[in-house]
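Following: one structure in structure tokens, then a few remarks.
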Amino acid sequence: MMNAIRRSFSPNPRMPLCPAAPLWPTRSLTQDLHHEAELVVAIGTGGRDIAAKDAASHIFGFACGNDLTRRDLQAVAKSQRRPWDMSKAFDESAVIGAIVPGQSIAPEAAIRSHVDGQLRQNAKIGDMTWPIADVIAALSTHVALAPGDLIMTGTPAGVGPVARGQSCRVEIDGLPDAEFRYTV
């Protein structure tokens, strides 16, 4: 499983926290929307230069997340050697389930994504390239973390497209699902 650190700021009215299955009617500007199942870490206590051994004390809780990507826009930006921020950081690009308080998650917890009920991603949290504590430590050397920050920790193999009219569900053992239906 690859880690890709993405920091989201909360509260953000454009980042839906989705405990139910919402419609996703955003103006997407894409013909190739991809899902990426991710564990979301909610920061409870901020800090800078946090040591990995102290990282758990900065965690408020965890949630399921879907880090959506406009893959066609990303490919164009890459081919032009331009930043691809708008392929990842667009309105409602992070579908996040309800946050469950806690400072740890079992390494054997499964993370899965389904598109229209078909399994697309399936891995264990313990298979992440970087442990959660290392993600927090690395990120906090670059930016100060603040209470309410959400860190999307990376996605396992199996990312792929979600077509208009399809639903996508991310699940992690012990956490409420994050689900949406792509309607635009």
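If you're wondering about the labels, chains in the structure tokens are A, B, ... by order shown, residues count from 1 in each chain, ligands from 1 in order shown.
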
Inset, instruction - Excluding range 72-80 of chain A and residues on its chain fewer than 2 positions from it, collect all residues at most 9 Å away from it, counting only C-alpha atoms, and give them as an MDAnalysis selection string. - result: chainID A and resid 29:33 69:70 82:88

Could the residues in this selection be saved with N, CA and C atoms as a PDB file, in the first residue's frame?
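part36.pdb, written as the output of this step:
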```pdb
ATOM      1  N   LEU A  29     -15.794  18.525 -14.046  1.00  0.00           N
ATOM      2  CA  LEU A  29     -14.860  18.865 -15.125  1.00  0.00           C
ATOM      3  C   LEU A  29     -13.992  17.688 -15.546  1.00  0.00           C
ATOM      4  N   THR A  30     -14.483  16.484 -15.403  1.00  0.00           N
ATOM      5  CA  THR A  30     -13.688  15.305 -15.737  1.00  0.00           C
ATOM      6  C   THR A  30     -14.531  14.281 -16.478  1.00  0.00           C
ATOM      7  N   GLN A  31     -13.830  13.485 -17.248  1.00  0.00           N
ATOM      8  CA  GLN A  31     -14.441  12.323 -17.886  1.00  0.00           C
ATOM      9  C   GLN A  31     -13.858  11.038 -17.313  1.00  0.00           C
ATOM     10  N   ASP A  32     -13.006  11.180 -16.277  1.00  0.00           N
ATOM     11  CA  ASP A  32     -12.304  10.017 -15.733  1.00  0.00           C
ATOM     12  C   ASP A  32     -12.068  10.199 -14.227  1.00  0.00           C
ATOM     13  N   LEU A  33     -13.133  10.097 -13.453  1.00  0.00           N
ATOM     14  CA  LEU A  33     -13.059  10.220 -12.000  1.00  0.00           C
ATOM     15  C   LEU A  33     -12.630   8.882 -11.401  1.00  0.00           C
ATOM     16  N   THR A  69      -9.939  11.521  -7.564  1.00  0.00           N
ATOM     17  CA  THR A  69      -8.957  12.087  -8.484  1.00  0.00           C
ATOM     18  C   THR A  69      -9.571  12.228  -9.864  1.00  0.00           C
ATOM     19  N   ARG A  70      -9.367  13.388 -10.465  1.00  0.00           N
ATOM     20  CA  ARG A  70      -9.754  13.602 -11.865  1.00  0.00           C
ATOM     21  C   ARG A  70      -8.538  13.180 -12.697  1.00  0.00           C
ATOM     22  N   ARG A  82       3.154  20.492 -15.343  1.00  0.00           N
ATOM     23  CA  ARG A  82       2.498  21.496 -14.519  1.00  0.00           C
ATOM     24  C   ARG A  82       2.011  20.845 -13.235  1.00  0.00           C
ATOM     25  N   PRO A  83       1.749  21.649 -12.222  1.00  0.00           N
ATOM     26  CA  PRO A  83       1.185  21.083 -10.992  1.00  0.00           C
ATOM     27  C   PRO A  83      -0.155  20.422 -11.288  1.00  0.00           C
ATOM     28  N   TRP A  84      -0.446  19.340 -10.583  1.00  0.00           N
ATOM     29  CA  TRP A  84      -1.722  18.655 -10.805  1.00  0.00           C
ATOM     30  C   TRP A  84      -2.647  18.791  -9.615  1.00  0.00           C
ATOM     31  N   ASP A  85      -2.519  19.912  -8.903  1.00  0.00           N
ATOM     32  CA  ASP A  85      -3.354  20.173  -7.731  1.00  0.00           C
ATOM     33  C   ASP A  85      -4.851  20.058  -8.035  1.00  0.00           C
ATOM     34  N   MET A  86      -5.285  20.632  -9.165  1.00  0.00           N
ATOM     35  CA  MET A  86      -6.722  20.662  -9.453  1.00  0.00           C
ATOM     36  C   MET A  86      -7.278  19.290  -9.842  1.00  0.00           C
ATOM     37  N   SER A  87      -6.410  18.330 -10.041  1.00  0.00           N
ATOM     38  CA  SER A  87      -6.902  16.970 -10.278  1.00  0.00           C
ATOM     39  C   SER A  87      -7.190  16.264  -8.953  1.00  0.00           C
ATOM     40  N   LYS A  88      -6.628  16.786  -7.859  1.00  0.00           N
ATOM     41  CA  LYS A  88      -6.801  16.173  -6.537  1.00  0.00           C
ATOM     42  C   LYS A  88      -7.574  17.072  -5.567  1.00  0.00           C
TER      43      LYS A  88
END
```

Counting only C-alpha atoms, which residues in range 60-133 of chain A sit no more than 8 Å from range 167-181 of chain A? For each one, give the nearest pair of atoms and the distance in Å, sorted by chain then residue number, as a Markdown table.
```
| residue | atom | partner | partner_atom | distance |
| --- | --- | --- | --- | --- |
| A:Phe62 | CA | A:Leu175 | CA | 7.6 |
| A:Ala63 | CA | A:Leu175 | CA | 6.2 |
| A:Cys64 | CA | A:Ala178 | CA | 5.6 |
| A:Gly65 | CA | A:Ala178 | CA | 6.1 |
| A:Asn66 | CA | A:Val170 | CA | 6.6 |
| A:Val95 | CA | A:Ala178 | CA | 6.5 |
| A:Ile96 | CA | A:Ala178 | CA | 5.5 |
| A:Gly97 | CA | A:Ala178 | CA | 4.3 |
| A:Ala98 | CA | A:Pro176 | CA | 6.1 |
| A:Ile99 | CA | A:Leu175 | CA | 7.9 |
| A:Val100 | CA | A:Leu175 | CA | 6.7 |
| A:Ala109 | CA | A:Asp173 | CA | 5.2 |
| A:Ala110 | CA | A:Ile172 | CA | 5.5 |
| A:Ile111 | CA | A:Ile172 | CA | 4.4 |
| A:Arg112 | CA | A:Glu171 | CA | 5.3 |
| A:Ser113 | CA | A:Val170 | CA | 4.4 |
| A:His114 | CA | A:Arg169 | CA | 5.2 |
| A:Val115 | CA | A:Cys168 | CA | 4.5 |
| A:Asp116 | CA | A:Ser167 | CA | 5.2 |
| A:Gly117 | CA | A:Cys168 | CA | 7.9 |
```

Legend entry - Distance of CA of Ser104 in chain A from CA of Trp130 in chain A, expressed in Å to one decimal place: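 Taking CA of Trp130 in chain A as the start and CA of Ser104 in chain A as the end point, the length is 14.6 Å.
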
With range 152-159 of chain A as the partner and 9 Å as the cut-off, tabulate the residues of range 24-111 of chain A that qualify, each row holding the nearest pair of atoms and their distance in Å to one decimal, using only C-alpha atoms, sorted by chain and rising number, as JSON lines.
```
{"residue": "A:His34", "atom": "CA", "partner": "A:Val159", "partner_atom": "CA", "distance": 6.6}
{"residue": "A:His35", "atom": "CA", "partner": "A:Val159", "partner_atom": "CA", "distance": 5.8}
{"residue": "A:Glu36", "atom": "CA", "partner": "A:Val159", "partner_atom": "CA", "distance": 5.3}
{"residue": "A:Ala37", "atom": "CA", "partner": "A:Thr155", "partner_atom": "CA", "distance": 5.5}
{"residue": "A:Glu38", "atom": "CA", "partner": "A:Thr155", "partner_atom": "CA", "distance": 5.1}
{"residue": "A:Leu39", "atom": "CA", "partner": "A:Thr153", "partner_atom": "CA", "distance": 5.7}
{"residue": "A:Val40", "atom": "CA", "partner": "A:Met152", "partner_atom": "CA", "distance": 4.6}
{"residue": "A:Val41", "atom": "CA", "partner": "A:Met152", "partner_atom": "CA", "distance": 6.5}
{"residue": "A:Gly65", "atom": "CA", "partner": "A:Met152", "partner_atom": "CA", "distance": 7.2}
{"residue": "A:Asn66", "atom": "CA", "partner": "A:Met152", "partner_atom": "CA", "distance": 8.7}
{"residue": "A:Asp67", "atom": "CA", "partner": "A:Met152", "partner_atom": "CA", "distance": 7.6}
{"residue": "A:Ile111", "atom": "CA", "partner": "A:Pro156", "partner_atom": "CA", "distance": 8.2}
```

Inset, instruction - Write out as a ChimeraX atom specification which residues come within 9 Å of Ile43 in chain A when counting only C-alpha atoms, dropping same-chain ones fewer than 3 positions away. - result: /A:46,58-62,145-151

The selected residues should be written to file as a compact mmCIF listing (two decimals), in the first residue's frame (atoms: N, CA and C atoms).
```txt
# COMPACT_ATOMS: atom_id res chain seq x y z
N GLY A 46 -2.70 19.70 18.19
CA GLY A 46 -1.77 20.14 17.17
C GLY A 46 -0.32 20.04 17.61
N HIS A 58 -1.55 12.80 19.57
CA HIS A 58 -2.08 13.92 18.78
C HIS A 58 -3.31 13.53 17.96
N ILE A 59 -3.65 12.25 17.99
CA ILE A 59 -4.77 11.74 17.19
C ILE A 59 -6.07 11.87 17.97
N PHE A 60 -7.09 12.42 17.31
CA PHE A 60 -8.44 12.45 17.87
C PHE A 60 -9.19 11.18 17.50
N GLY A 61 -9.08 10.78 16.23
CA GLY A 61 -9.82 9.60 15.79
C GLY A 61 -9.53 9.27 14.33
N PHE A 62 -10.38 8.37 13.79
CA PHE A 62 -10.17 7.84 12.45
C PHE A 62 -11.49 7.79 11.69
N LEU A 145 0.58 21.00 12.55
CA LEU A 145 -0.72 20.36 12.57
C LEU A 145 -1.59 21.06 13.60
N ALA A 146 -2.90 21.15 13.31
CA ALA A 146 -3.83 21.83 14.20
C ALA A 146 -5.01 20.92 14.48
N PRO A 147 -5.67 21.10 15.63
CA PRO A 147 -6.87 20.32 15.91
C PRO A 147 -7.88 20.48 14.77
N GLY A 148 -8.42 19.36 14.33
CA GLY A 148 -9.37 19.37 13.23
C GLY A 148 -8.76 19.07 11.88
N ASP A 149 -7.43 19.08 11.76
CA ASP A 149 -6.80 18.70 10.50
C ASP A 149 -7.10 17.23 10.23
N LEU A 150 -7.30 16.91 8.97
CA LEU A 150 -7.55 15.54 8.53
C LEU A 150 -6.42 15.12 7.61
N ILE A 151 -5.83 13.97 7.89
CA ILE A 151 -4.73 13.46 7.07
C ILE A 151 -5.22 12.20 6.37
```

Legend entry - A:Gly44, A:Ala133, A:Ser57, A:Thr183 ranked by distance to Val162 in chain A, top pick (using only C-alpha atoms):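 Smallest distance to Val162 in chain A is found for A:Thr183.
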
Legend entry - Straight-line distance linking CA of Lys53 in chain A with CA of Ala123 in chain A, stated in Å to one decimal: 24.8 Å

Inset, instruction - Could you give me, as a VMD selection string, each residue of range 27-176 of chain A that DSSP assigns to helix (DSSP H, G or I) when run on this structure's backbone? - result: chain A and resid 52 to 58 71 to 79 85 to 88 125 to 127 132 to 142

Would you put the residues from that selection into a file with C-alpha atoms, as a tab-separated table (two decimals), in the first residue's frame?
```
chain	number	residue	atom	x	y	z
A	52	ALA	CA	6.70	9.26	15.84
A	53	LYS	CA	6.68	7.88	19.40
A	54	ASP	CA	4.39	10.78	20.44
A	55	ALA	CA	2.11	10.79	17.39
A	56	ALA	CA	-0.74	8.76	18.92
A	57	SER	CA	-1.27	11.42	21.58
A	58	HIS	CA	-2.08	13.92	18.78
A	71	ARG	CA	-7.32	11.27	-13.64
A	72	ASP	CA	-7.66	12.88	-17.09
A	73	LEU	CA	-6.81	16.33	-15.73
A	74	GLN	CA	-3.91	14.82	-13.79
A	75	ALA	CA	-2.52	13.22	-16.97
A	76	VAL	CA	-2.70	16.49	-18.91
A	77	ALA	CA	-0.99	18.42	-16.11
A	78	LYS	CA	1.74	15.78	-15.82
A	79	SER	CA	2.34	15.78	-19.58
A	85	ASP	CA	-3.35	20.17	-7.73
A	86	MET	CA	-6.72	20.66	-9.45
A	87	SER	CA	-6.90	16.97	-10.28
A	88	LYS	CA	-6.80	16.17	-6.54
A	125	ILE	CA	-4.00	-1.17	7.42
A	126	GLY	CA	-0.78	-2.83	8.59
A	127	ASP	CA	0.35	-3.12	4.95
A	132	ILE	CA	0.49	6.20	10.86
A	133	ALA	CA	2.93	7.55	13.46
A	134	ASP	CA	5.56	8.08	10.76
A	135	VAL	CA	3.04	9.86	8.51
A	136	ILE	CA	2.18	12.30	11.31
A	137	ALA	CA	5.85	12.81	12.19
A	138	ALA	CA	6.85	13.47	8.57
A	139	LEU	CA	3.97	15.82	7.86
A	140	SER	CA	4.53	17.80	11.06
A	141	THR	CA	8.09	18.61	9.99
A	142	HIS	CA	6.67	20.51	6.99
```

Inset, instruction - Just give me the gap between CA of Pro107 in chain A and CA of Ala144 in chain A in Å, one decimal is fine. - result: 26.5 Å

Inset, instruction - Would you mind telling me which residue in A:Ala89, A:Met128, A:Ile50, A:Leu68 lies nearest to Val143 in chain A when using only C-alpha atoms? - result: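 Result for the nearest residue to Val143 in chain A: A:Ile50.
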